[in-house]
Amino acid sequence: MTTPHTIAVLGLGRMGEAIATRLAAQGWDVVGWTRSGRISGAVKTTGDPNDAVAKADLVLLALFDGPACQQVLDDVRGSLRTDTVVLNTSTIAPAEASKLSRQLGPMYVHAPALGSVPAAATGALQILAAADQDALDRARPVLEALGTVRHVDDFSTAAALKLIANHSLAGAVLALRDSLWQADALDLPRGQVLDVLELGQLGGLVARKRPFLADQPGTATVEFTIGALVKDMALLAASSHTPLHSAAGLADTPVGPEADIAVAATVPAVDDAVLEPLRAYICGHATGDPTHFRDAFLPTAHIEGLRDGVFVSWSLDEYCTLFPGRPAPDEPTRSRRIDAIDLHGTIATATMTLSHGADTFTDIFLLVRADDSWRIANKAYHRHP
C-alpha cells in the first residue's frame with residue numbers, strides 16, 4: 001500500500017476548501033482547482049485541473065452534483081494516471097455513483113460524508129466509503145484525516161445512505177420551522193422558545209444554527225445551503241420513486257438558494273393570506289351563516305363526498321342551503337383544526353379535521369390565488385362515523 005503524498009482537490013466551494021485546508025494542515029501536498037476560478041487563500045491553486053491531476057497520487061472531488069463530477073472527470077481523464085485514486089466526496093444519485101465506478105474502475109472510491117464545514121475543518125466527518133479494498137486502503141489515511149470511516153459494501157448504497165441522512169436533516173429543518181411558526185402564533189419570545197427547543201430532539205440543530213434562528217445571520221457563516229439540500233432531496237425522490245414531502249417544503253422556501261438551511265426554518269410555512277378562506281370556512285360552520293362560505297369558496301366551487309352511502313357533488317349554492325343561519329345546538333362541543341397546508345405558487349392544498357358531535361370529518365381543499373386573494377376552488381370530504 002502506497003500512502004498518497006500529493007492530493008488534487010477539484011472543487012473549492014465551502015466544503016471543498018474546508019477539506020483541502022484540513023489535508024494541507026495535516027502535511028499533504030495539496031493543490032486545488034475550482035470551476036468558478038476562485039482562488040483559495042489556504043491552499044495552492046491552479047487554473048487548469050489537468051495540471052493538478054497529472055501530479056496527484058489521489059484526486060478528491062468535492063463538487064455540487066453528478067453532472068459536475070462527470071464533466072470534470074471527462075475533462076481530466078487524459079491526465080489521470082492508472083494508479084491514481086479518485087476519491088469522490090460529492091453527494092450524487094446512487095445510479096450516478098455506480099456509473100462513475102464502472103467508468104473509473106478499481107481505483108474509484110465513493111465516500112460521501114455526513115457533516116458540514118466545521119466537521120471537515122476539525123476532522124470530525126462521518127464518511128460512508130465504498131471501494132475495492134486496495135483503493136480503500138490507499139485512501140484510508142486521507143479519509144481518516146477527515147473523520148471516521150464507515151465501510152459500505154457498494155457505491156450505490158453509499159450514495160443512497162447519504163441521501164437518507166440528508167433527508168433526516170431536511171425533516172428536522174421543516175419540523176423546526178413548524179415549531180417556530182406555532183410559537184410565533186402564540187406570541188412566545190423567540191429566545192425563550194430556542195432555549196426550550198435546545199433541550200429536546202431538535203437541540204443539536206438549534207444549538208448549531210441559533211444565530212440564524214435568532215435573526216442574527218451576520219454573526220454566523222453559511223455552511224450548508226438551501227439550494228444544496230433541495231438538490232439532494234430531488235435526487236432522493238427521483239431515485240426512490242416515493243413521495244417526499246420535504247422536497248417540496250424546502251423548494252418553496254421564499255429565500256435565496258444560497259441561504260443557510262437554518263433560514264428555511266425562520267420563514268413561515270405559508271403566507272397568512274392562504275389561511276383566510278379556511279378561517280372563513282370555519283366561521284361558516286361555527287355560526288351556521290352561509291355568507292362565510294361564499295367568502296371562502298369560488299362561485300364555481302363544488303363540495304363532494306359520500307352522504308349516507310351515496311356520492312354527492314354540490315354546487316356552492318346547494319351547499320349553502322344546508323346551513324340555517326344559526327349555530328348548531330351542540331356548537332360549544334364542536335371543534336375544527338387545520339392539519340396541513342402545502343403551498344405551490346398560486347395553488348395550495350389543505351387538510352382540516354372537524355369534530356361535530358358523534359361524527360368526525362376530514363376535509364381536503366384545493367385553493368387557488370385569483371384576483372390577489374386566495375379562495376377554495378373545491379372541497380372533498382370523508383365522514384368518519
# chains A, B, ... in the order shown; residues from 1 in each chain; ligands from 1
$ residues_around --residues "Ser355 in chain A" --least-positions-apart "5" --cutoff "10 Å" --atoms "only C-alpha atoms" --output "JSON, numbers by chain"
{"A": [333, 334, 335, 336, 337, 360, 361, 362, 384]}
$ closest_atom_pairs --of "range 234-290 of chain A" --to "range 339-349 of chain A" --cutoff "12 Å" --atoms "only C-alpha atoms" --output "JSON lines"
{"residue": "A:His245", "atom": "CA", "partner": "A:Asp342", "partner_atom": "CA", "distance": 9.1}
{"residue": "A:Ser246", "atom": "CA", "partner": "A:Asp342", "partner_atom": "CA", "distance": 10.8}
{"residue": "A:Ala247", "atom": "CA", "partner": "A:Asp342", "partner_atom": "CA", "distance": 11.6}
{"residue": "A:Ala248", "atom": "CA", "partner": "A:His344", "partner_atom": "CA", "distance": 8.1}
{"residue": "A:Gly249", "atom": "CA", "partner": "A:Asp342", "partner_atom": "CA", "distance": 7.6}
{"residue": "A:Leu250", "atom": "CA", "partner": "A:Leu343", "partner_atom": "CA", "distance": 11.0}
{"residue": "A:Ala251", "atom": "CA", "partner": "A:His344", "partner_atom": "CA", "distance": 9.4}
{"residue": "A:Asp252", "atom": "CA", "partner": "A:His344", "partner_atom": "CA", "distance": 6.7}
{"residue": "A:Thr253", "atom": "CA", "partner": "A:Leu343", "partner_atom": "CA", "distance": 9.8}
{"residue": "A:Pro254", "atom": "CA", "partner": "A:Gly345", "partner_atom": "CA", "distance": 10.2}
{"residue": "A:Pro268", "atom": "CA", "partner": "A:Leu343", "partner_atom": "CA", "distance": 11.2}
{"residue": "A:Ala269", "atom": "CA", "partner": "A:Ile341", "partner_atom": "CA", "distance": 8.1}
{"residue": "A:Val270", "atom": "CA", "partner": "A:Leu343", "partner_atom": "CA", "distance": 6.5}
{"residue": "A:Asp271", "atom": "CA", "partner": "A:Leu343", "partner_atom": "CA", "distance": 8.8}
{"residue": "A:Asp272", "atom": "CA", "partner": "A:Ile341", "partner_atom": "CA", "distance": 11.1}
{"residue": "A:Ala273", "atom": "CA", "partner": "A:Leu343", "partner_atom": "CA", "distance": 11.4}
{"residue": "A:Val274", "atom": "CA", "partner": "A:Ala348", "partner_atom": "CA", "distance": 8.1}
{"residue": "A:Leu275", "atom": "CA", "partner": "A:Ile341", "partner_atom": "CA", "distance": 8.9}
{"residue": "A:Pro277", "atom": "CA", "partner": "A:Ala348", "partner_atom": "CA", "distance": 11.8}
{"residue": "A:Leu278", "atom": "CA", "partner": "A:Ile341", "partner_atom": "CA", "distance": 10.4}
$ residues_around --residues "range 297-300 of chain A" --least-positions-apart "5" --cutoff "10 Å" --atoms "only C-alpha atoms" --output "list of chain:residue names"
A:Pro277, A:Leu278, A:Ala280, A:Tyr281, A:His292, A:Ser315, A:Leu316, A:Asp317, A:Leu367, A:Val368, A:Ala370, A:Trp374, A:Arg375, A:Ile376, A:Ala377, A:Asn378, A:Lys379
$ write_last_selection --atoms "N, CA, C and O atoms" --output "PDB file, in the first residue's frame"
ATOM      1  N   PRO A 277     -59.356  32.053   3.619  1.00  0.00           N
ATOM      2  CA  PRO A 277     -60.567  31.325   3.239  1.00  0.00           C
ATOM      3  C   PRO A 277     -60.852  30.134   4.147  1.00  0.00           C
ATOM      4  O   PRO A 277     -62.026  29.797   4.370  1.00  0.00           O
ATOM      5  N   LEU A 278     -59.821  29.512   4.689  1.00  0.00           N
ATOM      6  CA  LEU A 278     -60.037  28.392   5.599  1.00  0.00           C
ATOM      7  C   LEU A 278     -60.649  28.874   6.907  1.00  0.00           C
ATOM      8  O   LEU A 278     -61.522  28.207   7.490  1.00  0.00           O
ATOM      9  N   ALA A 280     -62.537  31.536   7.123  1.00  0.00           N
ATOM     10  CA  ALA A 280     -63.920  31.884   6.789  1.00  0.00           C
ATOM     11  C   ALA A 280     -64.790  30.630   6.755  1.00  0.00           C
ATOM     12  O   ALA A 280     -65.946  30.645   7.205  1.00  0.00           O
ATOM     13  N   TYR A 281     -64.236  29.548   6.246  1.00  0.00           N
ATOM     14  CA  TYR A 281     -64.955  28.264   6.211  1.00  0.00           C
ATOM     15  C   TYR A 281     -65.265  27.794   7.632  1.00  0.00           C
ATOM     16  O   TYR A 281     -66.391  27.358   7.931  1.00  0.00           O
ATOM     17  N   HIS A 292     -70.360  33.240   5.077  1.00  0.00           N
ATOM     18  CA  HIS A 292     -68.939  32.961   5.265  1.00  0.00           C
ATOM     19  C   HIS A 292     -68.433  31.952   4.231  1.00  0.00           C
ATOM     20  O   HIS A 292     -67.282  32.030   3.790  1.00  0.00           O
ATOM     21  N   SER A 315     -73.050  22.090  -5.779  1.00  0.00           N
ATOM     22  CA  SER A 315     -72.553  23.417  -6.128  1.00  0.00           C
ATOM     23  C   SER A 315     -72.490  24.242  -4.848  1.00  0.00           C
ATOM     24  O   SER A 315     -73.030  23.843  -3.801  1.00  0.00           O
ATOM     25  N   LEU A 316     -71.859  25.393  -4.914  1.00  0.00           N
ATOM     26  CA  LEU A 316     -71.781  26.238  -3.728  1.00  0.00           C
ATOM     27  C   LEU A 316     -73.176  26.657  -3.268  1.00  0.00           C
ATOM     28  O   LEU A 316     -73.461  26.660  -2.064  1.00  0.00           O
ATOM     29  N   ASP A 317     -74.053  26.984  -4.213  1.00  0.00           N
ATOM     30  CA  ASP A 317     -75.412  27.381  -3.834  1.00  0.00           C
ATOM     31  C   ASP A 317     -76.125  26.248  -3.112  1.00  0.00           C
ATOM     32  O   ASP A 317     -76.809  26.472  -2.094  1.00  0.00           O
ATOM     33  N   LEU A 367     -57.030  25.056  -3.157  1.00  0.00           N
ATOM     34  CA  LEU A 367     -57.146  26.508  -3.134  1.00  0.00           C
ATOM     35  C   LEU A 367     -56.371  27.106  -4.300  1.00  0.00           C
ATOM     36  O   LEU A 367     -55.366  26.538  -4.744  1.00  0.00           O
ATOM     37  N   VAL A 368     -56.836  28.247  -4.786  1.00  0.00           N
ATOM     38  CA  VAL A 368     -56.141  28.962  -5.856  1.00  0.00           C
ATOM     39  C   VAL A 368     -56.069  30.445  -5.491  1.00  0.00           C
ATOM     40  O   VAL A 368     -56.915  30.962  -4.750  1.00  0.00           O
ATOM     41  N   ALA A 370     -56.519  33.931  -6.892  1.00  0.00           N
ATOM     42  CA  ALA A 370     -57.169  34.613  -8.014  1.00  0.00           C
ATOM     43  C   ALA A 370     -57.502  36.034  -7.587  1.00  0.00           C
ATOM     44  O   ALA A 370     -58.012  36.257  -6.472  1.00  0.00           O
ATOM     45  N   TRP A 374     -56.844  34.513  -2.000  1.00  0.00           N
ATOM     46  CA  TRP A 374     -56.976  33.056  -2.032  1.00  0.00           C
ATOM     47  C   TRP A 374     -58.430  32.658  -1.813  1.00  0.00           C
ATOM     48  O   TRP A 374     -59.134  33.237  -0.981  1.00  0.00           O
ATOM     49  N   ARG A 375     -58.874  31.670  -2.599  1.00  0.00           N
ATOM     50  CA  ARG A 375     -60.225  31.131  -2.431  1.00  0.00           C
ATOM     51  C   ARG A 375     -60.163  29.609  -2.575  1.00  0.00           C
ATOM     52  O   ARG A 375     -59.246  29.060  -3.200  1.00  0.00           O
ATOM     53  N   ILE A 376     -61.143  28.944  -2.009  1.00  0.00           N
ATOM     54  CA  ILE A 376     -61.244  27.488  -2.131  1.00  0.00           C
ATOM     55  C   ILE A 376     -61.910  27.160  -3.472  1.00  0.00           C
ATOM     56  O   ILE A 376     -63.034  27.609  -3.742  1.00  0.00           O
ATOM     57  N   ALA A 377     -61.222  26.392  -4.303  1.00  0.00           N
ATOM     58  CA  ALA A 377     -61.768  26.013  -5.607  1.00  0.00           C
ATOM     59  C   ALA A 377     -62.671  24.797  -5.501  1.00  0.00           C
ATOM     60  O   ALA A 377     -63.706  24.719  -6.175  1.00  0.00           O
ATOM     61  N   ASN A 378     -62.290  23.833  -4.657  1.00  0.00           N
ATOM     62  CA  ASN A 378     -63.095  22.621  -4.475  1.00  0.00           C
ATOM     63  C   ASN A 378     -62.788  22.016  -3.116  1.00  0.00           C
ATOM     64  O   ASN A 378     -61.707  22.235  -2.545  1.00  0.00           O
ATOM     65  N   LYS A 379     -63.745  21.249  -2.616  1.00  0.00           N
ATOM     66  CA  LYS A 379     -63.563  20.517  -1.369  1.00  0.00           C
ATOM     67  C   LYS A 379     -64.087  19.102  -1.533  1.00  0.00           C
ATOM     68  O   LYS A 379     -65.159  18.889  -2.103  1.00  0.00           O
TER      69      LYS A 379
END
$ residues_around --residues "Gly288 in chain A" --least-positions-apart "6" --cutoff "6 Å" --atoms "only C-alpha atoms" --output "PyMOL selection string"
chain A and resi 323-327
$ select_by_dssp --residues "range 265-374 of chain A" --states "strand (DSSP E)" --output "number ranges by chain"
A: 297-307, 310-315, 335-344, 347-356, 359-370, 373-374
$ residues_around --residues "Pro118 in chain A" --least-positions-apart "6" --cutoff "9 Å" --atoms "only C-alpha atoms" --output "MDAnalysis selection string"
chainID A and resid 18 124:125 223
$ write_last_selection --atoms "N, CA, C and O atoms" --output "CSV table (one decimal), in the first residue's frame"
chain,number,residue,atom,x,y,z
A,18,ALA,N,-12.7,23.6,2.9
A,18,ALA,CA,-12.5,23.1,4.3
A,18,ALA,C,-11.7,21.8,4.2
A,18,ALA,O,-10.8,21.6,5.0
A,124,ALA,N,-13.9,15.7,11.8
A,124,ALA,CA,-15.0,15.1,12.6
A,124,ALA,C,-16.1,14.6,11.7
A,124,ALA,O,-17.2,14.3,12.1
A,125,LEU,N,-15.8,14.4,10.4
A,125,LEU,CA,-16.9,13.9,9.5
A,125,LEU,C,-17.1,12.5,9.7
A,125,LEU,O,-16.3,11.7,10.2
A,223,GLU,N,-23.1,27.4,6.0
A,223,GLU,CA,-22.4,26.1,5.9
A,223,GLU,C,-23.0,25.2,4.9
A,223,GLU,O,-22.3,24.5,4.2
$ closest_residue --among "A:Ala20, A:Val173, A:Leu58, A:Leu213" --to "Gly191 in chain A" --atoms "only C-alpha atoms"
A:Leu213
$ closest_residue --among "A:Thr45, A:Gln216, A:Ala172, A:Ala301" --to "Gly203 in chain A" --atoms "only C-alpha atoms"
A:Ala172
$ closest_residue --among "A:Ile127, A:Asp232, A:Leu202, A:Arg369" --to "Thr148 in chain A" --atoms "only C-alpha atoms"
A:Ile127
$ closest_residue --among "A:Gly309, A:Gly200, A:Gly256, A:Gly11" --to "Cys69 in chain A" --atoms "only C-alpha atoms"
A:Gly11
$ closest_residue --among "A:Tyr108, A:Gly27, A:Gln133, A:Glu96" --to "Val59 in chain A" --atoms "only C-alpha atoms"
A:Tyr108
$ closest_residue --among "A:Leu23, A:Val72, A:Ala62, A:Ala111" --to "Val43 in chain A" --atoms "only C-alpha atoms"
A:Leu23
$ residues_around --residues "range 261-267 of chain A" --least-positions-apart "5" --cutoff "6 Å" --atoms "only C-alpha atoms" --output "list in words"
Val173, Leu176, Arg177, Thr225 and Ile226 of chain A
$ write_last_selection --atoms "N, CA, C and O atoms" --output "PDB file, in the first residue's frame"
ATOM      1  N   VAL A 173     -35.253  20.365   9.735  1.00  0.00           N
ATOM      2  CA  VAL A 173     -35.397  21.784   9.410  1.00  0.00           C
ATOM      3  C   VAL A 173     -36.876  22.161   9.308  1.00  0.00           C
ATOM      4  O   VAL A 173     -37.320  23.193   9.839  1.00  0.00           O
ATOM      5  N   LEU A 176     -38.512  22.105  12.726  1.00  0.00           N
ATOM      6  CA  LEU A 176     -38.132  23.316  13.450  1.00  0.00           C
ATOM      7  C   LEU A 176     -38.913  24.515  12.935  1.00  0.00           C
ATOM      8  O   LEU A 176     -39.381  25.352  13.724  1.00  0.00           O
ATOM      9  N   ARG A 177     -39.064  24.601  11.634  1.00  0.00           N
ATOM     10  CA  ARG A 177     -39.852  25.695  11.055  1.00  0.00           C
ATOM     11  C   ARG A 177     -41.279  25.695  11.606  1.00  0.00           C
ATOM     12  O   ARG A 177     -41.809  26.741  12.007  1.00  0.00           O
ATOM     13  N   THR A 225     -26.288  25.106   2.185  1.00  0.00           N
ATOM     14  CA  THR A 225     -27.301  25.993   1.625  1.00  0.00           C
ATOM     15  C   THR A 225     -28.620  25.268   1.361  1.00  0.00           C
ATOM     16  O   THR A 225     -28.669  24.048   1.189  1.00  0.00           O
ATOM     17  N   ILE A 226     -29.675  26.068   1.313  1.00  0.00           N
ATOM     18  CA  ILE A 226     -30.998  25.539   0.967  1.00  0.00           C
ATOM     19  C   ILE A 226     -30.959  24.902  -0.424  1.00  0.00           C
ATOM     20  O   ILE A 226     -31.510  23.823  -0.649  1.00  0.00           O
TER      21      ILE A 226
END
$ select_by_dssp --residues "range 173-369 of chain A" --states "alpha helix (DSSP H)" --output "VMD selection string"
chain A and resid 173 to 185 190 to 197 203 to 213 226 to 240 245 to 251 261 to 264 272 to 287 291 to 296 316 to 320
$ write_last_selection --atoms "C-alpha atoms" --output "mmCIF file, in the first residue's frame"
data_model
loop_
_atom_site.group_PDB
_atom_site.id
_atom_site.type_symbol
_atom_site.label_atom_id
_atom_site.label_comp_id
_atom_site.auth_asym_id
_atom_site.auth_seq_id
_atom_site.Cartn_x
_atom_site.Cartn_y
_atom_site.Cartn_z
ATOM 1 C CA VAL A 173 -35.397 21.784 9.410
ATOM 2 C CA LEU A 174 -39.096 21.607 8.491
ATOM 3 C CA ALA A 175 -40.052 20.393 11.980
ATOM 4 C CA LEU A 176 -38.132 23.316 13.450
ATOM 5 C CA ARG A 177 -39.852 25.695 11.055
ATOM 6 C CA ASP A 178 -43.274 24.436 12.150
ATOM 7 C CA SER A 179 -42.348 24.727 15.834
ATOM 8 C CA LEU A 180 -41.229 28.327 15.373
ATOM 9 C CA TRP A 181 -44.352 29.114 13.338
ATOM 10 C CA GLN A 182 -46.591 27.783 16.091
ATOM 11 C CA ALA A 183 -44.580 29.637 18.734
ATOM 12 C CA ASP A 184 -44.952 32.903 16.812
ATOM 13 C CA ALA A 185 -48.708 32.309 16.592
ATOM 14 C CA ARG A 190 -38.112 33.677 20.262
ATOM 15 C CA GLY A 191 -35.187 33.442 22.698
ATOM 16 C CA GLN A 192 -37.218 31.514 25.250
ATOM 17 C CA VAL A 193 -38.527 29.176 22.550
ATOM 18 C CA LEU A 194 -34.998 28.429 21.320
ATOM 19 C CA ASP A 195 -33.858 27.758 24.890
ATOM 20 C CA VAL A 196 -36.568 25.128 25.300
ATOM 21 C CA LEU A 197 -36.056 23.606 21.851
ATOM 22 C CA GLY A 203 -31.467 20.541 20.279
ATOM 23 C CA GLY A 204 -28.333 19.913 18.238
ATOM 24 C CA LEU A 205 -29.693 21.682 15.167
ATOM 25 C CA VAL A 206 -30.949 24.613 17.231
ATOM 26 C CA ALA A 207 -27.626 24.993 19.024
ATOM 27 C CA ARG A 208 -25.605 24.940 15.780
ATOM 28 C CA LYS A 209 -27.917 27.312 13.925
ATOM 29 C CA ARG A 210 -29.008 29.626 16.725
ATOM 30 C CA PRO A 211 -27.646 32.874 15.191
ATOM 31 C CA PHE A 212 -29.782 32.323 12.086
ATOM 32 C CA LEU A 213 -32.823 31.331 14.146
ATOM 33 C CA ILE A 226 -30.998 25.539 0.967
ATOM 34 C CA GLY A 227 -30.202 25.028 -2.713
ATOM 35 C CA ALA A 228 -27.843 22.137 -1.974
ATOM 36 C CA LEU A 229 -30.351 20.413 0.319
ATOM 37 C CA VAL A 230 -33.161 20.901 -2.223
ATOM 38 C CA LYS A 231 -30.905 19.278 -4.825
ATOM 39 C CA ASP A 232 -30.291 16.305 -2.541
ATOM 40 C CA MET A 233 -33.992 15.834 -1.824
ATOM 41 C CA ALA A 234 -34.792 15.955 -5.532
ATOM 42 C CA LEU A 235 -32.165 13.248 -6.099
ATOM 43 C CA LEU A 236 -33.696 11.112 -3.367
ATOM 44 C CA ALA A 237 -37.238 11.477 -4.684
ATOM 45 C CA ALA A 238 -36.127 10.636 -8.225
ATOM 46 C CA SER A 239 -34.122 7.628 -7.042
ATOM 47 C CA SER A 240 -36.707 6.140 -4.691
ATOM 48 C CA HIS A 245 -42.778 15.953 1.342
ATOM 49 C CA SER A 246 -39.533 17.648 2.345
ATOM 50 C CA ALA A 247 -38.513 18.183 -1.291
ATOM 51 C CA ALA A 248 -41.456 20.480 -1.952
ATOM 52 C CA GLY A 249 -41.364 22.002 1.520
ATOM 53 C CA LEU A 250 -37.808 23.210 1.051
ATOM 54 C CA ALA A 251 -38.035 24.087 -2.641
ATOM 55 C CA ILE A 261 -30.625 25.798 5.636
ATOM 56 C CA ALA A 262 -31.444 27.337 9.022
ATOM 57 C CA VAL A 263 -33.034 30.325 7.280
ATOM 58 C CA ALA A 264 -35.686 27.967 5.896
ATOM 59 C CA ASP A 272 -51.179 34.107 6.300
ATOM 60 C CA ALA A 273 -53.373 35.076 3.329
ATOM 61 C CA VAL A 274 -53.761 31.376 2.424
ATOM 62 C CA LEU A 275 -55.411 30.816 5.801
ATOM 63 C CA GLU A 276 -58.113 33.454 5.273
ATOM 64 C CA PRO A 277 -60.567 31.325 3.239
ATOM 65 C CA LEU A 278 -60.037 28.392 5.599
ATOM 66 C CA ARG A 279 -60.810 30.609 8.575
ATOM 67 C CA ALA A 280 -63.920 31.884 6.789
ATOM 68 C CA TYR A 281 -64.955 28.264 6.211
ATOM 69 C CA ILE A 282 -64.507 27.518 9.930
ATOM 70 C CA CYS A 283 -66.549 30.615 10.767
ATOM 71 C CA GLY A 284 -69.347 29.387 8.482
ATOM 72 C CA HIS A 285 -69.603 26.134 10.410
ATOM 73 C CA ALA A 286 -69.341 27.890 13.771
ATOM 74 C CA THR A 287 -72.126 30.382 13.017
ATOM 75 C CA THR A 291 -72.273 34.129 3.891
ATOM 76 C CA HIS A 292 -68.939 32.961 5.265
ATOM 77 C CA PHE A 293 -68.865 30.055 2.805
ATOM 78 C CA ARG A 294 -69.407 32.460 -0.074
ATOM 79 C CA ASP A 295 -66.385 34.394 1.188
ATOM 80 C CA ALA A 296 -64.350 31.199 1.416
ATOM 81 C CA LEU A 316 -71.781 26.238 -3.728
ATOM 82 C CA ASP A 317 -75.412 27.381 -3.834
ATOM 83 C CA GLU A 318 -76.629 23.880 -2.962
ATOM 84 C CA TYR A 319 -74.099 23.586 -0.154
ATOM 85 C CA CYS A 320 -75.145 26.914 1.365
#
$ residues_around --residues "Arg77 in chain A" --least-positions-apart "2" --cutoff "10 Å" --atoms "only C-alpha atoms" --output "short mmCIF file (atom, residue, chain, number, x, y, z; two decimals) with all heavy atoms, in the first residue's frame"
data_model
loop_
_atom_site.label_atom_id
_atom_site.label_comp_id
_atom_site.auth_asym_id
_atom_site.auth_seq_id
_atom_site.Cartn_x
_atom_site.Cartn_y
_atom_site.Cartn_z
N ASN A 50 -6.07 19.75 -15.17
CA ASN A 50 -5.17 18.73 -15.67
C ASN A 50 -3.78 18.82 -15.04
O ASN A 50 -3.13 17.79 -14.79
CB ASN A 50 -5.07 18.82 -17.20
CG ASN A 50 -6.31 18.32 -17.89
OD1 ASN A 50 -6.51 17.13 -18.04
ND2 ASN A 50 -7.17 19.25 -18.29
N VAL A 53 -4.15 17.21 -11.59
CA VAL A 53 -4.40 15.76 -11.66
C VAL A 53 -3.14 15.01 -12.09
O VAL A 53 -2.85 13.92 -11.57
CB VAL A 53 -5.57 15.49 -12.61
CG1 VAL A 53 -5.65 14.01 -12.98
CG2 VAL A 53 -6.88 15.97 -11.99
N ALA A 54 -2.38 15.56 -13.02
CA ALA A 54 -1.21 14.86 -13.57
C ALA A 54 -0.17 14.56 -12.50
O ALA A 54 0.56 13.56 -12.59
CB ALA A 54 -0.60 15.69 -14.69
N GLN A 71 -18.59 15.85 -15.77
CA GLN A 71 -17.93 16.80 -16.67
C GLN A 71 -16.47 16.99 -16.30
O GLN A 71 -15.58 16.96 -17.17
CB GLN A 71 -18.65 18.14 -16.63
CG GLN A 71 -18.00 19.20 -17.53
CD GLN A 71 -18.65 20.56 -17.38
OE1 GLN A 71 -19.79 20.68 -16.99
NE2 GLN A 71 -17.90 21.61 -17.73
N VAL A 72 -16.20 17.16 -15.02
CA VAL A 72 -14.82 17.39 -14.59
C VAL A 72 -13.95 16.17 -14.86
O VAL A 72 -12.81 16.28 -15.35
CB VAL A 72 -14.78 17.79 -13.10
CG1 VAL A 72 -13.35 17.80 -12.58
CG2 VAL A 72 -15.42 19.17 -12.91
N LEU A 73 -14.48 14.99 -14.57
CA LEU A 73 -13.71 13.77 -14.82
C LEU A 73 -13.47 13.55 -16.31
O LEU A 73 -12.40 13.10 -16.72
CB LEU A 73 -14.42 12.57 -14.20
CG LEU A 73 -14.32 12.48 -12.67
CD1 LEU A 73 -15.25 11.40 -12.14
CD2 LEU A 73 -12.88 12.22 -12.23
N ASP A 74 -14.46 13.88 -17.13
CA ASP A 74 -14.27 13.77 -18.58
C ASP A 74 -13.15 14.71 -19.03
O ASP A 74 -12.33 14.36 -19.90
CB ASP A 74 -15.56 14.13 -19.32
CG ASP A 74 -16.62 13.03 -19.21
OD1 ASP A 74 -16.27 11.89 -18.82
OD2 ASP A 74 -17.80 13.32 -19.50
N ASP A 75 -13.08 15.90 -18.43
CA ASP A 75 -12.08 16.89 -18.83
C ASP A 75 -10.67 16.47 -18.44
O ASP A 75 -9.70 16.83 -19.13
CB ASP A 75 -12.40 18.25 -18.19
CG ASP A 75 -13.64 18.91 -18.78
OD1 ASP A 75 -14.07 18.48 -19.88
OD2 ASP A 75 -14.19 19.84 -18.14
N SER A 79 -5.37 13.00 -18.18
CA SER A 79 -4.25 13.30 -17.28
C SER A 79 -4.19 12.37 -16.07
O SER A 79 -3.23 12.42 -15.30
CB SER A 79 -4.36 14.76 -16.78
OG SER A 79 -4.32 15.66 -17.86
N LEU A 80 -5.22 11.56 -15.89
CA LEU A 80 -5.24 10.63 -14.75
C LEU A 80 -4.28 9.47 -15.00
O LEU A 80 -4.36 8.79 -16.02
CB LEU A 80 -6.65 10.07 -14.55
CG LEU A 80 -7.65 10.88 -13.73
CD1 LEU A 80 -9.01 10.21 -13.80
CD2 LEU A 80 -7.20 11.00 -12.28
N ARG A 81 -3.39 9.22 -14.04
CA ARG A 81 -2.57 8.02 -14.13
C ARG A 81 -3.41 6.81 -13.77
O ARG A 81 -4.40 6.91 -13.03
CB ARG A 81 -1.38 8.13 -13.17
CG ARG A 81 -0.52 9.36 -13.39
CD ARG A 81 0.85 9.19 -12.71
NE ARG A 81 0.73 8.75 -11.33
CZ ARG A 81 0.79 9.57 -10.26
NH1 ARG A 81 0.96 10.88 -10.46
NH2 ARG A 81 0.70 9.09 -9.04
N LEU A 104 -14.41 4.42 -13.99
CA LEU A 104 -13.08 4.65 -13.43
C LEU A 104 -12.40 3.38 -12.95
O LEU A 104 -11.19 3.36 -12.72
CB LEU A 104 -13.17 5.66 -12.28
CG LEU A 104 -13.57 7.07 -12.74
CD1 LEU A 104 -13.96 7.93 -11.55
CD2 LEU A 104 -12.44 7.73 -13.52
#
$ atom_distance --atom1 "CA of Thr84 in chain A" --atom2 "CA of His5 in chain A"
11.2 Å
